[in-house]
Amino acid sequence: ASGPGSPAGMEPALPPASPRAVPGGGLFGWLRGRCLGRSAAVDPARDTFRAMTGLYGSIQPADSVYLSTRTHGAVFNLEYSPDGSVLTVACEQTEVLLFDPISSKHIKTLSEAHEDCVNNIRFLDNRLFATCSDDTTIALWDLRKLNTKVCTLHGHTSWVKNIEYDTNTRLLVTSGFDGNVIIWDTNRCTEDGCPHKKFFHTRFLMRMRLTPDCSKMLISTSSGYLLILHDLDLNKSLEVGSYPILRARRTTSSSDITSSGSSGPRTVGSPCHQNDSGPLSEKHMSRSSQREGGSPRNSLEVLTPEVPGERDRGNCITSLQLHPKGWATLLRCSSNTDDQEWTCVYEFQEGAPVRPVSPRCSLRLTHCIEEANVGRGYIKELCFSPDGRMISSPHAFGIRLLGFDAHCSELVDCLPKEASPLKEIRSLYSHNDVVLTTKFSPTHCQIASGCLSGRVSLYQPKF
């Protein structure tokens with residue numbers, strides 16, 4: 001048998017001779033494995049991760065891009081184009097930087113991309129990308145003509161923090177510290193902007209993400225709540241009180257959803273306000289109802305995810321990411337007292353509640369690890385690898401590569417009965433300040449990281 005570093009193709013994966021050949025045995029076991037992508041008949045290249053694990057095991061700091069902090073300030077976000085040909089950098093001092101990630105050469109600086117901090121970048125395709133800022137606007141850009149914006153989008157009333165995109169409907173989705181999630185119709189975009197509508201509102205909003213198939217929207221809050229909109233329909237606006245709250249509960253206790261252990265205001269990257277009430281008032285919760293069978297469109301679930309060591313103290317969910325196959329969500333949480341910080345993985349639990357009369361929690365904590373808790377008050381953006389087998393996590397002045405087990409197996413192949421520690425595959429340190437963001441290349445064996453003093457580091461295999 002080939003070892004962890006063996007090249008792909010040395011041991012071809014063959015379809016099982018019979019259903020019994022699949023772990024779990026029996027026809028139903030084989031069918032379940034097929035649905036989860038476990039079957040060799042479905043994924044002939046399943047073992048290619050062995051080669052990738054070997055490559056990432058030998059990864060080293062390869063190059064660094066550093067410009068004066070007086071020019072662009074801290075690095076808040078990194079984003080590769082889908083084809084991996086361009087690396088974009090969102091900077092504190094109104095700038096967006098573009099690099100060739102293979103040669104590490106600087107391509108372009110958008111010196112006045114915004115009038116305040118640039119927070120997030122999102123590619124719509126290989127040439128169009130969007131940026132958002134604390135100046136409350138979103139800008140659309142075209143790589144073929146970077147001297148001017150395609151258009152500027154106005155609609156938020158406070159700092160805009162992240163951008164999502166539904167490739168099926170071509171709807172842009174943004175969220176900000178005004179608590180609003182806004183939908184922008186890029187199909188009808190002009191120089192004056194795009195038609196838009198307010199889709200959802202909640203207090204203390206931090207981050208918003210769409211699952212890869214856009215069937216769910218997840219929203220994290222500074223008060224420790226995680227909101228999940230199931231069976232998502234972006235064409236339907238949700239006014240306060242108009243959405244069904246079906247499966248609301250804590251993951252750690254059955255206490256009322258509006259009681260949250262918090263310790264007053266805190267600053268995470270930029271100030272975000274917090275108090276003792278949850279994202280939804282008791283008046284809205286009184287309208288909640290349980291329903292047998294499936295949920296209606298945009299049904300809302302409100303959770304307080306379990307965080308190790310934070311059972312009795314509140315926590316702030318600062319970073320939120322989704323597994324590339326939609327199997328799990330990845331959270332970075334910090335305690336309200338700022339003395340602990342955790343990276344946690346939660347598996348999605350699908351299906352109807354076991355008992356219709358009792359609420360069901362659709363997330364289960366599977367893996368976690370305590371972080372260095374360096375650089376308090378700043379958000380650290382972590383990410384999954386393109387195949388979902390590894391996590392790159394900012395860790396003090398560097399990054400850690402984390403796996404679900406020591407062999408970087410698929411999440412579905414190593415689900416524990418109880419929460420288990422993430423395994424540290426490798427630690428990489430090349431910065432002289434706190435790392436705030438990290439990103440895997442979608443096409444190459446490369447990782448990028450950016451820090452508070454403005455350095456961008458690239459990591460590649462060295463033999």
# chains A, B, ... in the order shown; residues from 1 in each chain; ligands from 1
call {"tool": "select_by_dssp", "arguments": {"residues": "region 53-260 of chain A", "states": "strand (DSSP E or B)", "output": "PyMOL selection string"}}
result
chain A and resi 59-66+75-80+87-91+96-100+105-110+118-123+128-133+137-142+145+151-154+160-166+171-176+180-185+190+193+196-201+205-210+217-221+226-230+245
call {"tool": "residues_around", "arguments": {"residues": "region 71-77 of chain A", "least_positions_apart": "6", "cutoff": "6 Å", "atoms": "only C-alpha atoms", "output": "list of chain:residue names"}}
result
A:Val89, A:Ala90, A:Cys91, A:Glu92, A:Gln93, A:Glu95, A:Asn119, A:Asn120, A:Thr437, A:Gly450, A:Cys451, A:Leu452, A:Ser453, A:Gly454
call {"tool": "closest_residue", "arguments": {"among": "A:Gly398, A:Gly224, A:Gly326, A:Pro416", "to": "Cys368 (chain A)", "atoms": "only C-alpha atoms"}}
result
A:Pro416
call {"tool": "residues_around", "arguments": {"residues": "Ser103 (chain A)", "least_positions_apart": "2", "cutoff": "12 Å", "atoms": "only C-alpha atoms", "output": "PyMOL selection string"}}
result
chain A and resi 62-65+85-87+99-101+105-107+458+460
call {"tool": "residues_around", "arguments": {"residues": "His431 (chain A)", "least_positions_apart": "3", "cutoff": "8 Å", "atoms": "only C-alpha atoms", "output": "list in words"}}
result
Phe397, Gly398, Val434, Val435, Cys451, Arg455 and Ser457 of chain A
